file input21.pdb (PDB, C-alpha atoms)
ATOM      1  CA  PRO N   1       0.000   0.000   0.000
ATOM      2  CA  ALA N   2       1.056   3.625  -0.584
ATOM      3  CA  VAL N   3       2.874   5.304   2.261
ATOM      4  CA  PRO N   4       0.890   8.256   3.701
ATOM      5  CA  PHE N   5       2.422  11.661   2.945
ATOM      6  CA  PRO N   6       3.831  13.343   6.071
ATOM      7  CA  VAL N   7       2.013  16.318   7.564
ATOM      8  CA  LEU N   8       4.307  19.043   8.889
ATOM      9  CA  LYS N   9       2.967  20.960  11.842
ATOM     10  CA  ASN N  10       4.246  24.181  13.399
ATOM     11  CA  LEU N  11       7.131  24.450  10.955
ATOM     12  CA  LYS N  12       8.985  27.658  11.858
ATOM     13  CA  MET N  13      12.450  29.070  11.361
ATOM     14  CA  GLY N  14      14.776  29.570  14.297
ATOM     15  CA  ASN N  15      16.926  27.522  16.669
ATOM     16  CA  THR N  16      14.215  27.152  19.300
ATOM     17  CA  ALA N  17      11.360  26.239  16.970
ATOM     18  CA  LYS N  18      10.157  22.634  16.862
ATOM     19  CA  SER N  19       8.769  20.721  13.918
ATOM     20  CA  GLU N  20       6.395  17.835  14.333
ATOM     21  CA  ILE N  21       5.717  15.193  11.710
ATOM     22  CA  SER N  22       2.523  13.253  12.214
ATOM     23  CA  TYR N  23       1.334  10.152  10.391
ATOM     24  CA  LYS N  24      -1.944   8.330  10.418
ATOM     25  CA  GLY N  25      -1.661   4.655  11.254
ATOM     26  CA  LYS N  26       1.418   2.667  12.148
ATOM     27  CA  ILE N  27       4.104   3.263   9.527
ATOM     28  CA  PRO N  28       7.527   1.562   9.627
ATOM     29  CA  LEU N  29      10.393   3.923  10.373
ATOM     30  CA  ARG N  30      12.010   3.206   6.985
ATOM     31  CA  HIS N  31       8.839   4.280   5.190
ATOM     32  CA  ARG N  32       8.604   7.397   7.320
ATOM     33  CA  CYS N  33      12.137   8.410   6.330
ATOM     34  CA  LEU N  34      11.511   7.744   2.646
ATOM     35  CA  SER N  35       8.301   9.756   2.759
ATOM     36  CA  LEU N  36      10.025  12.673   4.457
ATOM     37  CA  ILE N  37      12.847  12.602   1.888
ATOM     38  CA  LYS N  38      10.231  12.720  -0.875
ATOM     39  CA  PHE N  39       8.588  15.742   0.747
ATOM     40  CA  VAL N  40      11.854  17.655   1.061
ATOM     41  CA  THR N  41      12.886  16.758  -2.507
ATOM     42  CA  GLU N  42       9.585  17.966  -3.956
ATOM     43  CA  TYR N  43       9.758  21.159  -1.907
ATOM     44  CA  PHE N  44      13.120  22.214  -3.291
ATOM     45  CA  ARG N  45      12.310  20.998  -6.806
ATOM     46  CA  TYR N  46       9.267  23.268  -6.982
ATOM     47  CA  ARG N  47      11.140  26.178  -5.434
ATOM     48  CA  HIS N  48      13.619  26.234  -8.308
ATOM     49  CA  ILE N  49      11.666  25.067 -11.354
ATOM     50  CA  ARG N  50      11.261  27.768 -14.046
ATOM     51  CA  GLY N  51       8.225  28.375 -16.197
ATOM     52  CA  LYS N  52       5.802  26.156 -14.276
ATOM     53  CA  LYS N  53       5.407  26.592 -10.544
ATOM     54  CA  VAL N  54       7.310  28.341  -7.770
ATOM     55  CA  TRP N  55       6.685  27.731  -4.089
ATOM     56  CA  ASN N  56       7.168  31.057  -2.352
ATOM     57  CA  GLN N  57       6.094  31.637   1.263
ATOM     58  CA  ASN N  58       3.792  28.597   1.082
ATOM     59  CA  LEU N  59       1.993  29.995  -1.994
ATOM     60  CA  TRP N  60       1.964  28.418  -5.429
ATOM     61  CA  ARG N  61       2.806  30.842  -8.231
ATOM     62  CA  ASP N  62       2.130  29.734 -11.806
ATOM     63  CA  PHE N  63       4.185  31.655 -14.334
ATOM     64  CA  ILE N  64       5.490  31.509 -17.862
ATOM     65  CA  ILE N  65       7.754  33.679 -20.018
ATOM     66  CA  ARG N  66       6.462  33.721 -23.586
ATOM     67  CA  LYS N  67       6.521  35.776 -26.772
ATOM     68  CA  ALA N  68       3.967  38.585 -26.653
ATOM     69  CA  ILE N  69       1.021  38.736 -29.038
ATOM     70  CA  LEU N  70      -1.070  41.716 -30.094
ATOM     71  CA  LYS N  71      -3.880  41.036 -27.641
ATOM     72  CA  ASP N  72      -1.329  41.493 -24.818
ATOM     73  CA  VAL N  73      -0.628  45.109 -25.729
ATOM     74  CA  ASN N  74      -3.192  46.689 -23.371
ATOM     75  CA  SER N  75      -1.869  44.687 -20.422
ATOM     76  CA  ILE N  76       1.691  45.638 -21.337
ATOM     77  CA  GLU N  77       0.698  49.300 -21.537
ATOM     78  CA  ASP N  78      -0.895  48.919 -18.104
ATOM     79  CA  THR N  79       2.452  47.797 -16.651
ATOM     80  CA  TYR N  80       4.043  50.918 -18.168
ATOM     81  CA  ASN N  81       1.340  53.123 -16.646
ATOM     82  CA  GLU N  82       1.793  51.523 -13.231
ATOM     83  CA  HIS N  83       5.490  52.363 -13.479
ATOM     84  CA  PHE N  84       4.764  56.002 -14.401
ATOM     85  CA  GLN N  85       2.331  56.372 -11.501
ATOM     86  CA  TYR N  86       4.766  54.802  -9.045
ATOM     87  CA  GLU N  87       7.580  57.183 -10.041
ATOM     88  CA  LEU N  88       5.157  60.094  -9.807
ATOM     89  CA  ASN N  89       4.362  59.168  -6.202
ATOM     90  CA  HIS N  90       7.862  58.070  -5.208
ATOM     91  CA  THR N  91      11.473  58.618  -6.249
ATOM     92  CA  ALA N  92      11.975  58.549 -10.022
ATOM     93  CA  PHE N  93      15.013  56.502 -11.029
ATOM     94  CA  THR N  94      14.309  56.363 -14.765
ATOM     95  CA  VAL N  95      13.968  59.144 -17.337
ATOM     96  CA  PHE N  96      10.894  57.548 -18.893
ATOM     97  CA  LYS N  97       8.028  59.907 -19.703
ATOM     98  CA  LYS N  98       4.400  58.955 -20.072
ATOM     99  CA  GLY N  99       3.241  59.450 -23.628
ATOM    100  CA  VAL N 100       6.833  59.693 -24.860
ATOM    101  CA  TYR N 101       8.607  56.441 -23.987
ATOM    102  CA  PRO N 102       7.759  53.660 -23.414
ATOM    103  CA  THR N 103       4.322  53.711 -25.046
ATOM    104  CA  LYS N 104       1.700  51.340 -26.391
ATOM    105  CA  ASP N 105       3.030  52.014 -29.883
ATOM    106  CA  ASP N 106       6.524  50.974 -28.777
ATOM    107  CA  ALA N 107       5.099  47.710 -27.481
ATOM    108  CA  GLU N 108       3.178  47.081 -30.689
ATOM    109  CA  ARG N 109       6.262  47.657 -32.839
ATOM    110  CA  ALA N 110       8.258  45.254 -30.690
ATOM    111  CA  ILE N 111       5.503  42.634 -30.942
ATOM    112  CA  TYR N 112       5.429  42.910 -34.749
ATOM    113  CA  ALA N 113       9.212  42.536 -34.743
ATOM    114  CA  GLY N 114       8.982  39.435 -32.556
ATOM    115  CA  ALA N 115      11.180  41.077 -29.927
ATOM    116  CA  LEU N 116       8.796  41.464 -26.979
ATOM    117  CA  PHE N 117       8.350  38.760 -24.360
ATOM    118  CA  VAL N 118       6.062  38.826 -21.330
ATOM    119  CA  TYR N 119       6.248  37.357 -17.853
ATOM    120  CA  GLU N 120       2.760  36.060 -17.089
ATOM    121  CA  GLU N 121       1.869  34.938 -13.577
ATOM    122  CA  ASN N 122      -1.448  33.322 -12.718
ATOM    123  CA  GLY N 123      -2.846  34.612 -16.019
ATOM    124  CA  THR N 124      -1.722  38.221 -15.471
ATOM    125  CA  ILE N 125       1.124  39.985 -17.294
ATOM    126  CA  VAL N 126       3.371  41.456 -14.612
ATOM    127  CA  GLY N 127       6.535  42.131 -16.586
ATOM    128  CA  SER N 128       8.025  42.332 -20.065
ATOM    129  CA  ILE N 129      11.311  42.548 -21.924
ATOM    130  CA  ILE N 130      12.269  43.742 -25.405
ATOM    131  CA  ILE N 131      15.292  41.932 -26.790
ATOM    132  CA  ASP N 132      16.771  41.556 -30.269
ATOM    133  CA  LYS N 133      19.995  41.907 -32.263
ATOM    134  CA  VAL N 134      19.467  45.567 -33.173
ATOM    135  CA  GLN N 135      22.108  47.733 -31.464
ATOM    136  CA  PRO N 136      21.292  51.439 -30.892
ATOM    137  CA  ILE N 137      23.399  53.830 -32.940
ATOM    138  CA  GLU N 138      25.308  54.958 -29.810
ATOM    139  CA  TYR N 139      26.669  51.430 -29.317
ATOM    140  CA  ALA N 140      29.013  51.902 -32.310
ATOM    141  CA  THR N 141      31.203  54.322 -30.325
ATOM    142  CA  ILE N 142      31.384  52.259 -27.110
ATOM    143  CA  PRO N 143      34.705  50.413 -26.431
ATOM    144  CA  TRP N 144      33.147  47.016 -25.810
ATOM    145  CA  LYS N 145      35.318  44.267 -24.343
ATOM    146  CA  GLU N 146      35.233  42.291 -27.592
ATOM    147  CA  LYS N 147      34.765  43.320 -31.215
ATOM    148  CA  LEU N 148      31.809  41.260 -32.341
ATOM    149  CA  SER N 149      29.617  41.181 -35.414
ATOM    150  CA  GLU N 150      25.998  42.321 -35.191
ATOM    151  CA  ASP N 151      24.855  38.706 -35.338
ATOM    152  CA  GLU N 152      26.964  37.849 -32.274
ATOM    153  CA  VAL N 153      25.323  40.417 -29.991
ATOM    154  CA  MET N 154      21.879  40.534 -28.421
ATOM    155  CA  VAL N 155      20.523  43.699 -26.795
ATOM    156  CA  ILE N 156      18.049  44.196 -23.950
ATOM    157  CA  HIS N 157      16.226  47.399 -24.923
ATOM    158  CA  LEU N 158      13.567  47.593 -22.217
ATOM    159  CA  LEU N 159      12.860  45.578 -19.095
ATOM    160  CA  MET N 160       9.731  46.452 -17.127
ATOM    161  CA  VAL N 161       8.158  44.879 -14.027
ATOM    162  CA  ARG N 162       5.067  46.139 -12.240
ATOM    163  CA  PRO N 163       6.219  48.012  -9.088
ATOM    164  CA  SER N 164       3.563  46.113  -7.141
ATOM    165  CA  MET N 165       5.388  42.874  -8.066
ATOM    166  CA  SER N 166       8.937  44.013  -7.326
ATOM    167  CA  GLY N 167      11.176  41.981  -5.043
ATOM    168  CA  LYS N 168       9.918  38.626  -6.336
ATOM    169  CA  GLY N 169      12.819  37.864  -8.670
ATOM    170  CA  ILE N 170      10.814  38.588 -11.826
ATOM    171  CA  ALA N 171      13.397  40.950 -13.339
ATOM    172  CA  SER N 172      16.193  38.442 -12.717
ATOM    173  CA  SER N 173      14.085  35.704 -14.343
ATOM    174  CA  LEU N 174      13.626  37.890 -17.420
ATOM    175  CA  ILE N 175      17.372  38.579 -17.600
ATOM    176  CA  LYS N 176      18.102  34.867 -17.290
ATOM    177  CA  PHE N 177      15.605  34.227 -20.068
ATOM    178  CA  ALA N 178      17.346  36.839 -22.252
ATOM    179  CA  THR N 179      20.726  35.254 -21.525
ATOM    180  CA  GLU N 180      19.495  31.801 -22.519
ATOM    181  CA  LEU N 181      17.847  33.204 -25.657
ATOM    182  CA  ALA N 182      21.105  34.897 -26.651
ATOM    183  CA  GLN N 183      23.032  31.670 -26.147
ATOM    184  CA  LYS N 184      20.512  29.701 -28.215
ATOM    185  CA  ASN N 185      21.030  32.240 -30.996
ATOM    186  CA  SER N 186      24.810  31.721 -30.875
ATOM    187  CA  CYS N 187      25.469  35.190 -29.441
ATOM    188  CA  ARG N 188      28.715  35.860 -27.607
ATOM    189  CA  ALA N 189      27.569  38.935 -25.669
ATOM    190  CA  LEU N 190      24.465  40.483 -24.158
ATOM    191  CA  ARG N 191      24.406  44.287 -23.990
ATOM    192  CA  LEU N 192      22.168  46.953 -22.492
ATOM    193  CA  ASP N 193      22.204  50.503 -21.176
ATOM    194  CA  THR N 194      20.706  52.351 -18.219
ATOM    195  CA  GLY N 195      20.879  55.755 -16.564
ATOM    196  CA  SER N 196      23.656  56.254 -14.017
ATOM    197  CA  GLN N 197      20.994  57.543 -11.606
ATOM    198  CA  ASN N 198      19.025  54.290 -11.854
ATOM    199  CA  ILE N 199      20.689  52.619  -8.869
ATOM    200  CA  PRO N 200      18.161  49.743  -8.536
ATOM    201  CA  ALA N 201      18.548  48.763 -12.208
ATOM    202  CA  LEU N 202      22.333  49.052 -12.096
ATOM    203  CA  SER N 203      22.475  46.832  -9.009
ATOM    204  CA  LEU N 204      20.194  44.291 -10.688
ATOM    205  CA  TYR N 205      22.308  44.106 -13.834
ATOM    206  CA  GLN N 206      25.598  43.807 -11.972
ATOM    207  CA  LYS N 207      24.113  41.075  -9.791
ATOM    208  CA  ASN N 208      23.250  39.223 -12.984
ATOM    209  CA  GLY N 209      26.753  39.359 -14.417
ATOM    210  CA  PHE N 210      26.869  42.633 -16.375
ATOM    211  CA  GLU N 211      29.895  44.936 -16.287
ATOM    212  CA  ILE N 212      29.941  48.697 -16.847
ATOM    213  CA  ILE N 213      31.878  49.392 -20.042
ATOM    214  CA  ALA N 214      31.444  53.133 -20.550
ATOM    215  CA  SER N 215      29.449  56.261 -19.805
ATOM    216  CA  ALA N 216      28.147  58.470 -22.605
ATOM    217  CA  SER N 217      25.134  60.390 -23.859
ATOM    218  CA  LYS N 218      22.204  58.513 -25.366
ATOM    219  CA  LYS N 219      18.683  59.059 -26.602
ATOM    220  CA  VAL N 220      16.568  56.679 -24.521
ATOM    221  CA  GLY N 221      14.047  55.017 -26.783
ATOM    222  CA  ASP N 222      15.507  57.239 -29.532
ATOM    223  CA  VAL N 223      13.489  60.162 -28.129
ATOM    224  CA  ILE N 224      14.682  61.162 -24.626
ATOM    225  CA  ALA N 225      18.145  62.743 -24.536
ATOM    226  CA  HIS N 226      20.152  61.709 -21.479
ATOM    227  CA  LYS N 227      23.724  62.392 -20.346
ATOM    228  CA  ASN N 228      25.884  60.126 -18.192
ATOM    229  CA  HIS N 229      24.195  57.027 -19.525
ATOM    230  CA  LEU N 230      25.853  53.705 -18.657
ATOM    231  CA  PHE N 231      26.557  50.956 -21.179
ATOM    232  CA  LEU N 232      26.886  47.427 -19.834
ATOM    233  CA  GLU N 233      27.917  44.079 -21.276
ATOM    234  CA  LYS N 234      27.811  40.425 -20.273
ATOM    235  CA  ILE N 235      30.134  38.055 -22.109
ATOM    236  CA  LEU N 236      28.446  34.682 -22.676
TER
END

call {"tool": "encode", "arguments": {"input": "input21.pdb", "output": "structure tokens"}}
result
Amino acid sequence: PAVPFPVLKNLKMGNTAKSEISYKGKIPLRHRCLSLIKFVTEYFRYRHIRGKKVWNQNLWRDFIIRKAILKDVNSIEDTYNEHFQYELNHTAFTVFKKGVYPTKDDAERAIYAGALFVYEENGTIVGSIIIDKVQPIEYATIPWKEKLSEDEVMVIHLLMVRPSMSGKGIASSLIKFATELAQKNSCRALRLDTGSQNIPALSLYQKNGFEIIASASKKVGDVIAHKNHLFLEKIL
């Protein structure tokens, strides 16, 4: 007969906390150990699996990173608007401007180009990333670590996560996705740029393996002029 799954009671962190494992019926000690090992294995497997389920604070989170389609554009625009409202009410780290960049039209163009991907959790789009092999004109003057052909470089143009969903590792998951996509496309480097004042973004990129290569002026989204812009690269 199948061994009953263990029930963990009063599981808390800390040196003084106690955990109790209760079983129904008389189960041999060997079966108890095997059942407990199965529980622990499944716990950590679901904590780290990508694209299916994540166990976070005892809550199941279903998510997937997929290529965006046109019917997603309103939801994507909504994530942009949430960002604009958050920076209006709090400290603004980006130079983005509502109605200027990023916009619904920018998202649509990226979708048509096949360059926009969304992070969807429990049926709701909470983040997005625009990535392709098109390098902004300013990249031609940057002293990158390696001289590579256009086909050997992939660029992250825009990464956006709803402020209400920050701190959940979504941005890092999108960067990891971009890295894997670049590798699958035989790219040798992943490049991006961000404002020097955008401390949270800079910290995120450096944590994910990017190095600052140079600082120069750039038109963000080809429309917003910005000085002291940082150009970063990750060699794959």

call {"tool": "residues_around", "arguments": {"input": "input21.pdb", "residues": "Asn74 in chain N", "least_positions_apart": "6", "cutoff": "10 Å", "atoms": "only C-alpha atoms", "output": "ChimeraX atom specification"}}
result
/N:80,104,107-108

call {"tool": "closest_residue", "arguments": {"input": "input21.pdb", "among": "N:Arg66, N:Lys147, N:Arg191, N:Lys219", "to": "Phe117 in chain N", "atoms": "only C-alpha atoms"}}
result
N:Arg66

call {"tool": "axis_aligned_box", "arguments": {"input": "input21.pdb", "around": "range 100-118 of chain N", "padding_each_side": "8 Å", "output": "AutoDock Vina command-line options"}}
result
--center_x 6.4 --center_y 49.2 --center_z -28.0 --size_x 25.5 --size_y 36.9 --size_z 29.4

call {"tool": "atom_distance", "arguments": {"input": "input21.pdb", "atom1": "CA of Ile142 in chain N", "atom2": "CA of Ile224 in chain N"}}
result
19.1 Å

call {"tool": "atom_distance", "arguments": {"input": "input21.pdb", "atom1": "CA of Thr91 in chain N", "atom2": "CA of Ala201 in chain N"}}
result
13.5 Å

call {"tool": "residues_around", "arguments": {"input": "input21.pdb", "residues": "Leu202 in chain N", "least_positions_apart": "6", "cutoff": "10 Å", "atoms": "all atoms listed in the file", "output": "list in words"}}
result
Asp193, Thr194, Gly195, Ser196, Asn208, Phe210, Glu211, Ile212, Leu230 and Leu232 of chain N

call {"tool": "atom_distance", "arguments": {"input": "input21.pdb", "atom1": "CA of Gly209 in chain N", "atom2": "CA of Thr94 in chain N"}}
result
21.1 Å

call {"tool": "resolve_selection", "arguments": {"input": "input21.pdb", "expression": "the PyMOL selection byres ((chain N and resi 70) around 12)", "output": "ChimeraX atom specification"}}
result
/N:67-69,71-77,104-105,107-114,116-118

call {"tool": "write_last_selection", "arguments": {"input": "input21.pdb", "atoms": "C-alpha atoms", "output": "CSV table (one decimal), in the coordinates of the input"}}
result
chain,number,residue,atom,x,y,z
N,67,LYS,CA,6.5,35.8,-26.8
N,68,ALA,CA,4.0,38.6,-26.7
N,69,ILE,CA,1.0,38.7,-29.0
N,71,LYS,CA,-3.9,41.0,-27.6
N,72,ASP,CA,-1.3,41.5,-24.8
N,73,VAL,CA,-0.6,45.1,-25.7
N,74,ASN,CA,-3.2,46.7,-23.4
N,75,SER,CA,-1.9,44.7,-20.4
N,76,ILE,CA,1.7,45.6,-21.3
N,77,GLU,CA,0.7,49.3,-21.5
N,104,LYS,CA,1.7,51.3,-26.4
N,105,ASP,CA,3.0,52.0,-29.9
N,107,ALA,CA,5.1,47.7,-27.5
N,108,GLU,CA,3.2,47.1,-30.7
N,109,ARG,CA,6.3,47.7,-32.8
N,110,ALA,CA,8.3,45.3,-30.7
N,111,ILE,CA,5.5,42.6,-30.9
N,112,TYR,CA,5.4,42.9,-34.7
N,113,ALA,CA,9.2,42.5,-34.7
N,114,GLY,CA,9.0,39.4,-32.6
N,116,LEU,CA,8.8,41.5,-27.0
N,117,PHE,CA,8.4,38.8,-24.4
N,118,VAL,CA,6.1,38.8,-21.3

call {"tool": "resolve_selection", "arguments": {"input": "input21.pdb", "expression": "the PyMOL selection byres ((chain N and resi 95) around 9)", "output": "CSV table (one decimal) with C-alpha atoms, keeping the file's coordinate frame"}}
result
chain,number,residue,atom,x,y,z
N,92,ALA,CA,12.0,58.5,-10.0
N,93,PHE,CA,15.0,56.5,-11.0
N,94,THR,CA,14.3,56.4,-14.8
N,96,PHE,CA,10.9,57.5,-18.9
N,97,LYS,CA,8.0,59.9,-19.7
N,101,TYR,CA,8.6,56.4,-24.0
N,195,GLY,CA,20.9,55.8,-16.6
N,198,ASN,CA,19.0,54.3,-11.9
N,220,VAL,CA,16.6,56.7,-24.5
N,224,ILE,CA,14.7,61.2,-24.6
N,226,HIS,CA,20.2,61.7,-21.5

call {"tool": "resolve_selection", "arguments": {"input": "input21.pdb", "expression": "the PyMOL selection byres ((chain N and resi 234) around 12)", "output": "PyMOL selection string"}}
result
chain N and resi 144-146+153-156+175-176+178-179+182-183+187-193+205-213+231-233+235-236

call {"tool": "closest_residue", "arguments": {"input": "input21.pdb", "among": "N:Ser149, N:Thr141, N:Ser173, N:Pro102", "to": "Ser186 in chain N", "atoms": "only C-alpha atoms"}}
result
N:Ser149

call {"tool": "residues_around", "arguments": {"input": "input21.pdb", "residues": "Glu150 in chain N", "least_positions_apart": "6", "cutoff": "8 Å", "atoms": "all atoms listed in the file", "output": "VMD selection string"}}
result
chain N and resid 133 to 135

call {"tool": "write_last_selection", "arguments": {"input": "input21.pdb", "atoms": "C-alpha atoms", "output": "PDB file, keeping the file's coordinate frame"}}
result
ATOM      1  CA  LYS N 133      19.995  41.907 -32.263  1.00  0.00           C
ATOM      2  CA  VAL N 134      19.467  45.567 -33.173  1.00  0.00           C
ATOM      3  CA  GLN N 135      22.108  47.733 -31.464  1.00  0.00           C
TER       4      GLN N 135
END

call {"tool": "closest_residue", "arguments": {"input": "input21.pdb", "among": "N:Gly169, N:Pro200, N:Pro143, N:Pro163", "to": "Tyr86 in chain N", "atoms": "all atoms listed in the file"}}
result
N:Pro163

call {"tool": "residues_around", "arguments": {"input": "input21.pdb", "residues": "Val161 in chain N", "least_positions_apart": "2", "cutoff": "8 Å", "atoms": "all atoms listed in the file", "output": "count of residues only"}}
result
11

call {"tool": "closest_residue", "arguments": {"input": "input21.pdb", "among": "N:Glu138, N:Glu121, N:Arg162, N:Gln85", "to": "Asp222 in chain N", "atoms": "all atoms listed in the file"}}
result
N:Glu138
